[in-house]
file work.cif (mmCIF, C-alpha atoms)
data_coords
#
loop_
_atom_site.label_atom_id
_atom_site.label_comp_id
_atom_site.auth_asym_id
_atom_site.auth_seq_id
_atom_site.Cartn_x
_atom_site.Cartn_y
_atom_site.Cartn_z
CA MET A 257 -3.23 -57.73 5.14
CA ASP A 258 -3.56 -61.30 3.87
CA LYS A 259 -6.52 -61.38 1.50
CA LYS A 260 -7.43 -64.84 2.84
CA ASN A 261 -8.42 -63.08 6.07
CA ILE A 262 -10.80 -60.57 4.55
CA ARG A 263 -14.23 -60.81 2.95
CA PHE A 264 -15.74 -58.61 0.26
CA THR A 265 -19.11 -57.10 -0.53
CA LEU A 266 -20.20 -57.15 -4.15
CA ASN A 267 -19.93 -53.37 -4.08
CA GLY A 268 -16.21 -53.56 -3.35
CA GLU A 269 -15.79 -52.94 0.37
CA TRP A 270 -13.72 -55.43 2.35
CA VAL A 271 -13.93 -56.31 6.05
CA GLU A 272 -11.73 -58.48 8.23
CA ALA A 273 -13.12 -61.99 8.50
CA SER A 274 -12.90 -62.36 12.27
CA GLY A 275 -12.84 -60.39 15.49
CA GLN A 276 -15.30 -58.09 17.21
CA VAL A 277 -13.69 -54.85 16.02
CA ARG A 278 -12.74 -55.19 12.36
CA LYS A 279 -10.97 -53.06 9.83
CA VAL A 280 -12.92 -52.05 6.71
CA GLY A 281 -11.40 -50.95 3.42
CA LEU A 282 -11.90 -50.55 -0.30
CA SER A 283 -11.00 -53.29 -2.77
CA ALA A 284 -8.02 -52.75 -5.05
CA GLN A 285 -10.37 -53.01 -8.04
CA ASN A 286 -12.60 -50.22 -6.76
CA ALA A 287 -9.62 -48.09 -5.82
CA ARG A 288 -8.18 -48.51 -9.30
CA GLU A 289 -11.54 -47.83 -10.96
CA LEU A 290 -11.95 -44.55 -9.05
CA GLY A 291 -8.43 -43.17 -9.19
CA GLU A 292 -6.29 -41.50 -6.54
CA VAL A 293 -8.34 -40.58 -3.46
CA THR A 294 -7.77 -36.95 -2.51
CA TYR A 295 -10.29 -36.18 0.27
CA VAL A 296 -11.69 -38.22 3.14
CA GLY A 297 -15.07 -37.19 4.51
CA GLU A 298 -16.02 -37.05 8.16
CA VAL A 299 -16.30 -40.36 9.99
CA CYS A 300 -18.81 -40.39 12.84
CA SER A 301 -17.20 -42.47 15.60
CA GLY A 302 -19.81 -44.11 17.79
CA LYS A 303 -22.47 -44.07 15.07
CA ALA A 304 -24.44 -47.29 14.66
CA VAL A 305 -24.86 -48.37 11.04
CA ARG A 306 -26.80 -51.09 9.29
CA ARG A 307 -25.39 -53.19 6.50
CA GLY A 308 -25.57 -51.24 3.22
CA GLU A 309 -25.79 -47.80 4.84
CA PRO A 310 -23.12 -45.19 4.03
CA LEU A 311 -20.10 -45.32 6.35
CA MET A 312 -18.13 -42.42 4.93
CA SER A 313 -17.56 -40.39 1.77
CA LEU A 314 -14.40 -40.24 -0.29
CA GLU A 315 -13.38 -38.06 -3.18
CA ALA A 316 -10.99 -39.05 -5.91
CA SER A 317 -9.65 -36.45 -8.31
CA LYS A 318 -12.78 -36.50 -10.47
CA ALA A 319 -15.37 -38.50 -8.52
CA ALA A 320 -17.05 -38.43 -5.14
CA PHE A 321 -18.51 -41.63 -3.71
CA ASP A 322 -19.74 -43.31 -0.54
CA VAL A 323 -18.38 -46.41 1.16
CA TYR A 324 -21.11 -48.68 2.55
CA ALA A 325 -21.21 -50.79 5.70
CA PRO A 326 -20.44 -54.45 4.98
CA LEU A 327 -22.14 -55.53 8.22
CA ASP A 328 -24.24 -54.01 11.01
CA GLY A 329 -22.10 -52.41 13.68
CA THR A 330 -20.79 -49.29 15.35
CA ILE A 331 -18.08 -47.10 13.82
CA ARG A 332 -15.06 -47.08 16.11
CA GLY A 333 -12.86 -44.57 14.31
CA CYS A 334 -11.06 -43.72 11.12
CA ASN A 335 -7.55 -44.75 10.12
CA PRO A 336 -5.50 -41.63 11.01
CA LYS A 337 -2.99 -42.38 8.27
CA ILE A 338 -5.53 -41.88 5.47
CA LEU A 339 -6.49 -38.49 6.91
CA ALA A 340 -2.89 -37.38 6.50
CA ASP A 341 -2.41 -39.17 3.17
CA PRO A 342 -5.69 -40.14 1.41
CA GLY A 343 -3.68 -41.56 -1.50
CA LEU A 344 -2.84 -44.58 0.72
CA ILE A 345 -6.38 -45.85 0.02
CA THR A 346 -5.44 -46.21 -3.64
CA ARG A 347 -1.80 -47.19 -3.23
CA ASP A 348 -2.13 -49.73 -0.42
CA PRO A 349 -5.82 -50.73 -0.19
CA TYR A 350 -5.22 -53.93 1.83
CA GLY A 351 -2.47 -52.50 4.03
CA GLU A 352 -2.01 -49.00 5.39
CA GLY A 353 -4.91 -47.70 3.31
CA TRP A 354 -7.67 -49.32 5.38
CA LEU A 355 -10.54 -46.92 6.09
CA LEU A 356 -12.05 -47.40 9.52
CA GLU A 357 -12.80 -49.86 12.31
CA LEU A 358 -16.27 -51.26 12.81
CA GLU A 359 -17.46 -53.02 15.97
CA ILE A 360 -19.59 -55.79 14.57
CA SER A 361 -23.09 -56.47 15.90
CA ASP A 362 -24.16 -58.70 13.04
CA VAL A 363 -23.27 -62.36 12.86
CA ASP A 364 -24.91 -62.94 9.48
CA GLU A 365 -22.01 -62.78 7.07
CA SER A 366 -23.73 -64.75 4.32
CA GLN A 367 -23.59 -61.85 1.87
CA LEU A 368 -19.84 -61.48 2.19
CA MET A 369 -17.54 -63.39 -0.15
CA GLU A 370 -13.95 -64.34 -0.72
CA GLU A 371 -11.93 -62.42 -3.27
CA GLU A 372 -12.41 -64.90 -6.10
CA ALA A 373 -16.20 -64.85 -5.78
CA TYR A 374 -16.14 -61.05 -5.49
CA LEU A 375 -14.11 -60.71 -8.67
CA GLN A 376 -16.41 -63.10 -10.52
CA GLY A 377 -19.48 -61.24 -9.28
CA LYS A 378 -17.98 -57.90 -10.21
CA SER A 379 -17.12 -58.97 -13.73
CA SER A 380 -20.62 -60.31 -14.36
CA SER A 381 -22.50 -57.37 -12.82
CA MET B 134 -32.52 -47.29 -22.58
CA LYS B 135 -35.06 -44.50 -22.06
CA LEU B 136 -33.58 -40.99 -22.13
CA GLU B 137 -35.31 -38.09 -20.34
CA ILE B 138 -34.13 -34.57 -21.10
CA LEU B 139 -34.87 -31.59 -18.89
CA GLN B 140 -34.02 -28.01 -19.84
CA ASP B 141 -34.44 -25.72 -16.87
CA PRO B 142 -34.65 -21.95 -16.63
CA SER B 143 -31.92 -20.16 -14.65
CA LEU B 144 -32.13 -21.27 -11.04
CA PRO B 145 -30.27 -20.63 -7.75
CA GLY B 146 -27.37 -22.97 -6.95
CA HIS B 147 -29.10 -24.86 -4.16
CA VAL B 148 -32.12 -25.57 -6.40
CA ASN B 149 -29.87 -26.75 -9.22
CA MET B 150 -27.98 -29.07 -6.88
CA GLU B 151 -31.19 -30.41 -5.33
CA LYS B 152 -32.59 -31.22 -8.78
CA ASP B 153 -29.33 -32.97 -9.64
CA ARG B 154 -29.41 -34.92 -6.38
CA LEU B 155 -32.95 -36.10 -7.12
CA HIS B 156 -31.84 -37.27 -10.58
CA PHE B 157 -28.92 -39.18 -9.06
CA GLU B 158 -31.21 -40.78 -6.49
CA ARG B 159 -33.79 -41.84 -9.10
CA VAL B 160 -31.18 -43.85 -10.98
CA GLU B 161 -29.42 -44.99 -7.81
CA GLY B 162 -32.84 -46.19 -6.63
CA GLY B 163 -33.00 -48.59 -9.57
CA GLU B 164 -34.79 -46.72 -12.36
CA GLU B 165 -33.50 -47.85 -15.75
CA VAL B 166 -33.41 -44.39 -17.28
CA ILE B 167 -30.84 -41.82 -18.33
CA LEU B 168 -31.62 -38.33 -17.03
CA LEU B 169 -29.98 -35.44 -18.86
CA ARG B 170 -30.30 -31.88 -17.60
CA LEU B 171 -29.14 -28.61 -19.15
CA TYR B 172 -29.27 -25.52 -16.97
CA THR B 173 -27.93 -22.10 -16.05
CA TRP B 174 -27.51 -20.28 -12.73
CA GLU B 175 -29.19 -17.20 -11.29
CA PRO B 176 -27.80 -15.61 -9.18
CA ARG B 177 -24.20 -16.45 -9.94
CA CYS B 178 -22.87 -19.06 -7.59
CA LEU B 179 -19.56 -20.45 -6.38
CA SER B 180 -19.76 -24.23 -6.14
CA LEU B 181 -17.25 -26.43 -4.33
CA GLY B 182 -16.54 -30.12 -4.86
CA ALA B 183 -18.33 -32.55 -2.55
CA LEU B 184 -15.51 -32.84 -0.02
CA GLN B 185 -13.26 -30.04 -1.21
CA ASP B 186 -11.18 -28.32 1.47
CA GLU B 187 -12.80 -24.89 2.03
CA SER B 188 -9.63 -23.25 3.30
CA GLY B 189 -8.53 -22.24 -0.20
CA VAL B 190 -11.59 -20.04 -0.68
CA ASN B 191 -11.48 -16.30 0.01
CA TRP B 192 -14.55 -16.25 2.27
CA ASP B 193 -14.13 -12.54 3.08
CA LEU B 194 -14.58 -11.72 -0.58
CA VAL B 195 -17.45 -14.20 -0.90
CA GLN B 196 -19.16 -12.38 1.96
CA ARG B 197 -18.41 -8.88 0.65
CA LEU B 198 -19.88 -9.78 -2.73
CA GLY B 199 -22.85 -11.55 -1.14
CA LEU B 200 -22.02 -14.46 -3.40
CA ASP B 201 -24.22 -17.52 -3.40
CA THR B 202 -22.29 -20.73 -2.58
CA VAL B 203 -23.16 -24.40 -2.78
CA ARG B 204 -21.58 -27.84 -2.53
CA ARG B 205 -21.83 -30.08 -5.56
CA LEU B 206 -22.61 -33.78 -5.42
CA THR B 207 -19.53 -34.33 -7.50
CA GLY B 208 -15.79 -34.03 -6.96
CA GLY B 209 -13.39 -31.45 -8.34
CA GLY B 210 -12.46 -27.85 -7.63
CA ALA B 211 -14.37 -24.60 -7.12
CA ILE B 212 -16.31 -23.12 -10.07
CA LEU B 213 -17.90 -19.69 -10.36
CA HIS B 214 -21.09 -20.37 -12.29
CA GLU B 215 -21.87 -17.19 -14.14
CA ASN B 216 -22.55 -16.95 -17.86
CA GLU B 217 -22.22 -20.69 -18.13
CA LEU B 218 -24.19 -23.55 -19.62
CA THR B 219 -24.09 -26.55 -17.32
CA TYR B 220 -25.04 -30.12 -18.07
CA SER B 221 -25.62 -33.03 -15.76
CA TRP B 222 -26.63 -36.60 -16.39
CA ALA B 223 -27.40 -39.60 -14.27
CA ALA B 224 -27.10 -42.99 -15.91
CA PRO B 225 -27.15 -46.60 -14.71
CA ARG B 226 -23.72 -48.20 -14.46
CA SER B 227 -25.07 -50.91 -16.77
CA PHE B 228 -25.11 -48.40 -19.65
CA PHE B 229 -21.30 -48.30 -19.74
CA PRO B 230 -19.15 -51.20 -21.00
CA ASP B 231 -16.31 -49.94 -18.77
CA VAL B 232 -17.41 -48.10 -15.62
CA SER B 233 -14.03 -46.84 -14.47
CA VAL B 234 -13.89 -43.07 -13.91
CA ASP B 235 -11.20 -42.85 -16.54
CA ALA B 236 -13.23 -44.71 -19.19
CA VAL B 237 -16.42 -42.74 -18.61
CA LEU B 238 -14.55 -39.43 -18.69
CA ARG B 239 -12.81 -40.50 -21.90
CA TRP B 240 -16.19 -41.29 -23.46
CA SER B 241 -17.62 -37.97 -22.23
CA THR B 242 -14.67 -36.07 -23.62
CA HIS B 243 -15.36 -37.62 -27.01
CA VAL B 244 -18.99 -36.43 -26.78
CA LEU B 245 -17.98 -32.90 -25.79
CA THR B 246 -15.33 -32.74 -28.49
CA GLY B 247 -18.22 -33.34 -30.91
CA PHE B 248 -20.18 -30.50 -29.34
CA TYR B 249 -17.27 -28.08 -29.77
CA GLN B 250 -16.73 -29.36 -33.30
CA SER B 251 -20.33 -28.45 -34.13
CA LEU B 252 -19.34 -24.87 -33.23
CA GLY B 253 -16.30 -25.07 -35.50
CA LEU B 254 -13.86 -25.48 -32.61
CA ALA B 255 -11.16 -28.13 -32.44
CA ALA B 256 -11.11 -29.29 -28.81
CA LEU B 257 -8.63 -31.81 -27.47
CA PRO B 258 -8.42 -33.65 -24.16
CA ALA B 259 -5.56 -32.29 -22.03
CA SER B 260 -3.96 -35.75 -22.13
CA ARG B 261 -3.22 -35.22 -25.85
CA LEU B 262 -1.49 -31.89 -25.46
CA GLU B 263 2.15 -31.97 -26.44
CA ARG B 264 3.35 -30.15 -23.37
CA ASP B 265 5.39 -30.98 -20.34
CA GLU B 266 3.07 -29.46 -17.77
CA PRO B 267 1.89 -31.89 -15.10
CA LEU B 268 -1.76 -32.97 -15.22
CA GLY B 269 -3.94 -33.72 -12.23
CA SER B 270 -2.43 -31.35 -9.68
CA ARG B 271 -4.95 -30.30 -7.03
CA THR B 272 -6.05 -26.67 -7.35
CA THR B 273 -8.72 -24.76 -5.42
CA ALA B 274 -10.19 -23.39 -8.65
CA CYS B 275 -11.26 -26.09 -11.08
CA TYR B 276 -10.12 -24.01 -14.04
CA ALA B 277 -6.64 -23.40 -12.62
CA GLY B 278 -5.53 -26.98 -13.22
CA LYS B 279 -5.84 -29.57 -15.95
CA GLU B 280 -6.89 -33.20 -15.58
CA PRO B 281 -6.21 -35.67 -18.40
CA TRP B 282 -9.80 -35.62 -19.72
CA ASP B 283 -10.42 -31.89 -19.43
CA LEU B 284 -11.25 -30.20 -22.73
CA THR B 285 -8.76 -27.75 -24.16
CA ILE B 286 -8.70 -25.50 -27.20
CA GLY B 287 -5.38 -24.12 -28.36
CA GLY B 288 -3.82 -25.66 -25.26
CA ARG B 289 -6.07 -23.77 -22.84
CA LYS B 290 -8.69 -25.43 -20.68
CA ILE B 291 -12.29 -24.76 -21.66
CA GLY B 292 -14.15 -27.37 -19.67
CA GLY B 293 -13.98 -30.06 -17.06
CA ASN B 294 -16.25 -32.79 -15.78
CA ALA B 295 -16.68 -34.48 -12.41
CA GLN B 296 -18.68 -37.42 -11.15
CA ARG B 297 -20.67 -38.82 -8.25
CA ARG B 298 -20.68 -42.60 -8.12
CA GLY B 299 -23.26 -44.78 -6.48
CA ARG B 300 -23.83 -48.51 -6.39
CA ARG B 301 -26.14 -48.35 -9.42
CA ALA B 302 -25.74 -44.85 -10.82
CA ILE B 303 -23.03 -42.70 -12.29
CA PHE B 304 -23.76 -38.99 -12.19
CA GLN B 305 -21.71 -36.38 -14.02
CA HIS B 306 -21.53 -32.61 -14.14
CA GLY B 307 -19.74 -30.40 -16.61
CA SER B 308 -19.51 -26.72 -17.53
CA ILE B 309 -19.43 -24.82 -20.79
CA PRO B 310 -18.14 -21.33 -19.87
CA LEU B 311 -19.72 -18.71 -22.13
CA LEU B 312 -17.93 -15.75 -20.53
CA LEU B 313 -15.37 -15.96 -17.75
CA ASP B 314 -14.33 -13.42 -15.12
CA TRP B 315 -10.97 -15.09 -14.47
CA GLU B 316 -9.63 -12.24 -12.31
CA LEU B 317 -12.57 -12.68 -9.94
CA VAL B 318 -12.13 -16.47 -9.87
CA CYS B 319 -8.46 -15.98 -8.98
CA GLN B 320 -9.40 -13.61 -6.17
CA LEU B 321 -12.09 -15.96 -4.86
CA THR B 322 -9.75 -18.94 -4.77
CA HIS B 323 -6.39 -17.32 -3.96
CA THR B 324 -5.16 -18.47 -7.35
CA PRO B 325 -1.97 -16.73 -8.54
CA THR B 326 -2.87 -14.29 -11.30
CA ASP B 327 -0.11 -15.63 -13.55
CA THR B 328 -1.86 -19.01 -13.70
CA GLU B 329 -2.71 -19.88 -17.30
CA ARG B 330 -5.96 -18.23 -18.20
CA PRO B 331 -8.68 -20.70 -19.21
CA LEU B 332 -10.74 -20.16 -22.31
CA CYS B 333 -14.42 -19.32 -22.60
CA LEU B 334 -16.69 -19.74 -25.60
CA PHE B 335 -16.84 -16.02 -26.35
CA GLU B 336 -13.07 -15.78 -26.52
CA ALA B 337 -12.81 -18.92 -28.66
CA LEU B 338 -15.51 -17.87 -31.15
CA ARG B 339 -15.20 -14.06 -30.95
CA VAL B 340 -18.98 -14.08 -30.79
CA LEU B 341 -21.46 -15.69 -28.45
CA PRO B 342 -24.14 -17.82 -30.13
CA PRO B 343 -27.64 -17.60 -28.63
CA LEU B 344 -27.99 -19.78 -25.55
CA ILE B 345 -30.88 -21.65 -27.13
CA ASP B 346 -28.60 -22.76 -30.01
CA LEU B 347 -25.89 -23.90 -27.60
CA GLU B 348 -28.44 -25.85 -25.59
CA ARG B 349 -29.71 -27.54 -28.76
CA LEU B 350 -26.20 -28.52 -29.87
CA LEU B 351 -25.22 -29.80 -26.44
CA GLU B 352 -28.47 -31.75 -26.13
CA GLU B 353 -27.91 -33.28 -29.57
CA ALA B 354 -24.36 -34.32 -28.70
CA TRP B 355 -25.46 -36.10 -25.52
CA ARG B 356 -28.58 -37.55 -27.15
CA ARG B 357 -26.52 -39.11 -29.94
CA ALA B 358 -24.11 -40.57 -27.39
CA PHE B 359 -26.79 -42.00 -25.12
CA GLU B 360 -28.94 -43.35 -27.94
CA SER B 361 -26.14 -44.98 -29.93
#
call {"tool": "encode", "arguments": {"input": "work.cif", "output": "structure tokens"}}
result
Amino acid sequence: MDKKNIRFTLNGEWVEASGQVRKVGLSAQNARELGEVTYVGEVCSGKAVRRGEPLMSLEASKAAFDVYAPLDGTIRGCNPKILADPGLITRDPYGEGWLLELEISDVDESQLMEEEAYLQGKSSS
Amino acid sequence: MKLEILQDPSLPGHVNMEKDRLHFERVEGGEEVILLRLYTWEPRCLSLGALQDESGVNWDLVQRLGLDTVRRLTGGGAILHENELTYSWAAPRSFFPDVSVDAVLRWSTHVLTGFYQSLGLAALPASRLERDEPLGSRTTACYAGKEPWDLTIGGRKIGGNAQRRGRRAIFQHGSIPLLLDWELVCQLTHTPTDTERPLCLFEALRVLPPLIDLERLLEEAWRRAFES
């Protein structure tokens, strides 16, 4: 995935920058900070979520955490590859380690940012 | 930053986890406070990590024993909480100069090493053991495997820690085993009986100090760390 085509939340989720159904993932920085992901929690396909609400839970070897919706939308399904190999989330966060697809119902993307702004925001938060 | 300390009486697993969840949510909700809790469990309880695969647990035995079970907020493997002093804390991310899981566990290990030192025990993180055994392998029972920042004494694991991470809060659990029924843990988690036996405080000290003294020492160790 070309990082020019994705946008980040300050919390470290990324979402594709265009399209109606978009892939969502975890930034490389967050993945590194948390360590190798070992379990993927249930993803509720068809569930409507608002921006900032939990999308799914993940567990790294020593930490459990939630991934939050970058935009309003409806969950359209989890990446089957991460169910078989959760470590992909850590090893290839912008490629095969994407998390799920979200059908977007929110056109306000003003709180999303490009990678450089995300990294600056993260280092100052 | 303000530090609140709560010492609870022995409580059932689901009550302990609910109290922990409320602490996590207070800090995650934006309160600028560190919440430290020390507690024990009654009745004994088998806890599983937040998303841990249940298939490794011997549920027939759990049922036969009428054992209490609960899911933790945090990650990690299954723990039988019996004759154990448990701590939890919830702290704002802003408290830590480096919020990575690795950095916070390293810091915590330093704190807990101090606690064991106050009992006259030389604890080391597993990452500093001069051994070839692999660290970080996934095991159903928490005490059957070693992670780099687990505490060891004489090469044997005596404690581990696990976290829940939010957008504003970091929450951490850890156990101090006073006595350990390792055979039962192995049976409950289908762990091979030749797996290295972890250590408990009684075995390390040959005597068990009063719980109230252990609570005081553990509280002091965390208080010093959070107030420095």
call {"tool": "residues_around", "arguments": {"input": "work.cif", "residues": "Leu282 in chain A", "least_positions_apart": "4", "cutoff": "10 Å", "atoms": "all atoms listed in the file", "output": "list in words"}}
result
Phe264, Thr265, Asn267, Gly268, Glu269, Trp270, Val271, Asn286, Ala287, Arg288, Val323, Tyr324, Ile345, Thr346, Asp348, Pro349, Tyr350, Gly353, Trp354 and Leu355 of chain A
call {"tool": "atom_distance", "arguments": {"input": "work.cif", "atom1": "CA of Leu266 in chain A", "atom2": "CA of Arg347 in chain A"}}
result
20.9 Å
call {"tool": "atom_distance", "arguments": {"input": "work.cif", "atom1": "CA of Leu168 in chain B", "atom2": "CA of Ser379 in chain A"}}
result
25.4 Å
call {"tool": "closest_residue", "arguments": {"input": "work.cif", "among": "B:Gly307, B:Pro343, B:Gly182, B:Pro281", "to": "Val244 in chain B", "atoms": "only C-alpha atoms"}}
result
B:Gly307
call {"tool": "resolve_selection", "arguments": {"input": "work.cif", "expression": "the PyMOL selection byres ((chain B and resi 231-237) around 10)", "output": "ChimeraX atom specification"}}
result
/A:285-291,316-319 /B:225-230,238-243,281-282,295-298,303,305
call {"tool": "resolve_selection", "arguments": {"input": "work.cif", "expression": "the PyMOL selection byres ((chain A and resi 310) around 9)", "output": "list of chain:residue names"}}
result
A:Val305, A:Arg306, A:Arg307, A:Gly308, A:Glu309, A:Leu311, A:Met312, A:Ser313, A:Asp322, A:Val323, A:Tyr324, A:Ala325
call {"tool": "resolve_selection", "arguments": {"input": "work.cif", "expression": "the PyMOL selection byres ((chain B and resi 187-192) around 7)", "output": "PyMOL selection string"}}
result
chain B and resi 185-186+193-196+273+321-323
call {"tool": "atom_distance", "arguments": {"input": "work.cif", "atom1": "CA of Ala340 in chain A", "atom2": "CA of Glu292 in chain A"}}
result
14.1 Å
call {"tool": "build_atoms", "arguments": {"input": "work.cif", "residues": "range 293-312 of chain B", "atoms": "N, CA, C and O atoms", "output": "CSV table (one decimal), in the frame of the given file"}}
result
chain,number,residue,atom,x,y,z
B,293,GLY,N,-14.3,-28.9,-17.8
B,293,GLY,CA,-14.0,-30.1,-17.1
B,293,GLY,C,-15.3,-30.8,-16.7
B,293,GLY,O,-16.4,-30.3,-16.8
B,294,ASN,N,-15.1,-32.0,-16.2
B,294,ASN,CA,-16.2,-32.8,-15.8
B,294,ASN,C,-15.9,-33.5,-14.4
B,294,ASN,O,-14.7,-33.7,-14.2
B,295,ALA,N,-16.9,-33.8,-13.7
B,295,ALA,CA,-16.7,-34.5,-12.4
B,295,ALA,C,-17.9,-35.4,-12.1
B,295,ALA,O,-19.0,-35.1,-12.6
B,296,GLN,N,-17.6,-36.4,-11.3
B,296,GLN,CA,-18.7,-37.4,-11.2
B,296,GLN,C,-19.0,-37.6,-9.7
B,296,GLN,O,-18.3,-37.4,-8.8
B,297,ARG,N,-20.3,-38.2,-9.5
B,297,ARG,CA,-20.7,-38.8,-8.2
B,297,ARG,C,-21.0,-40.3,-8.6
B,297,ARG,O,-21.6,-40.5,-9.6
B,298,ARG,N,-20.5,-41.2,-7.8
B,298,ARG,CA,-20.7,-42.6,-8.1
B,298,ARG,C,-21.5,-43.3,-7.0
B,298,ARG,O,-21.2,-43.1,-5.8
B,299,GLY,N,-22.5,-44.0,-7.4
B,299,GLY,CA,-23.3,-44.8,-6.5
B,299,GLY,C,-23.1,-46.2,-6.8
B,299,GLY,O,-22.3,-46.6,-7.6
B,300,ARG,N,-23.9,-47.1,-6.1
B,300,ARG,CA,-23.8,-48.5,-6.4
B,300,ARG,C,-24.5,-48.9,-7.7
B,300,ARG,O,-24.1,-49.8,-8.4
B,301,ARG,N,-25.5,-48.1,-8.1
B,301,ARG,CA,-26.1,-48.4,-9.4
B,301,ARG,C,-26.0,-47.2,-10.4
B,301,ARG,O,-26.1,-47.4,-11.6
B,302,ALA,N,-25.7,-46.0,-9.9
B,302,ALA,CA,-25.7,-44.8,-10.8
B,302,ALA,C,-24.4,-44.2,-10.9
B,302,ALA,O,-23.6,-44.2,-10.0
B,303,ILE,N,-24.1,-43.6,-12.1
B,303,ILE,CA,-23.0,-42.7,-12.3
B,303,ILE,C,-23.7,-41.4,-12.7
B,303,ILE,O,-24.5,-41.3,-13.5
B,304,PHE,N,-23.2,-40.3,-12.0
B,304,PHE,CA,-23.8,-39.0,-12.2
B,304,PHE,C,-22.6,-38.1,-12.6
B,304,PHE,O,-21.5,-38.2,-12.0
B,305,GLN,N,-22.8,-37.2,-13.6
B,305,GLN,CA,-21.7,-36.4,-14.0
B,305,GLN,C,-22.2,-35.0,-14.3
B,305,GLN,O,-23.3,-34.7,-14.8
B,306,HIS,N,-21.3,-34.0,-13.9
B,306,HIS,CA,-21.5,-32.6,-14.1
B,306,HIS,C,-20.5,-32.1,-15.1
B,306,HIS,O,-19.4,-32.6,-15.1
B,307,GLY,N,-20.8,-31.1,-15.8
B,307,GLY,CA,-19.7,-30.4,-16.6
B,307,GLY,C,-20.2,-29.0,-17.0
B,307,GLY,O,-21.4,-28.7,-17.0
B,308,SER,N,-19.2,-28.1,-17.3
B,308,SER,CA,-19.5,-26.7,-17.5
B,308,SER,C,-19.0,-26.3,-18.9
B,308,SER,O,-18.0,-26.7,-19.4
B,309,ILE,N,-19.8,-25.5,-19.6
B,309,ILE,CA,-19.4,-24.8,-20.8
B,309,ILE,C,-19.4,-23.3,-20.5
B,309,ILE,O,-20.4,-22.7,-20.4
B,310,PRO,N,-18.2,-22.8,-20.2
B,310,PRO,CA,-18.1,-21.3,-19.9
B,310,PRO,C,-18.4,-20.5,-21.1
B,310,PRO,O,-17.7,-20.6,-22.1
B,311,LEU,N,-19.4,-19.6,-21.0
B,311,LEU,CA,-19.7,-18.7,-22.1
B,311,LEU,C,-18.8,-17.5,-22.0
B,311,LEU,O,-18.2,-17.0,-23.0
B,312,LEU,N,-18.8,-16.9,-20.9
B,312,LEU,CA,-17.9,-15.8,-20.5
B,312,LEU,C,-17.3,-16.1,-19.2
B,312,LEU,O,-17.8,-16.9,-18.4
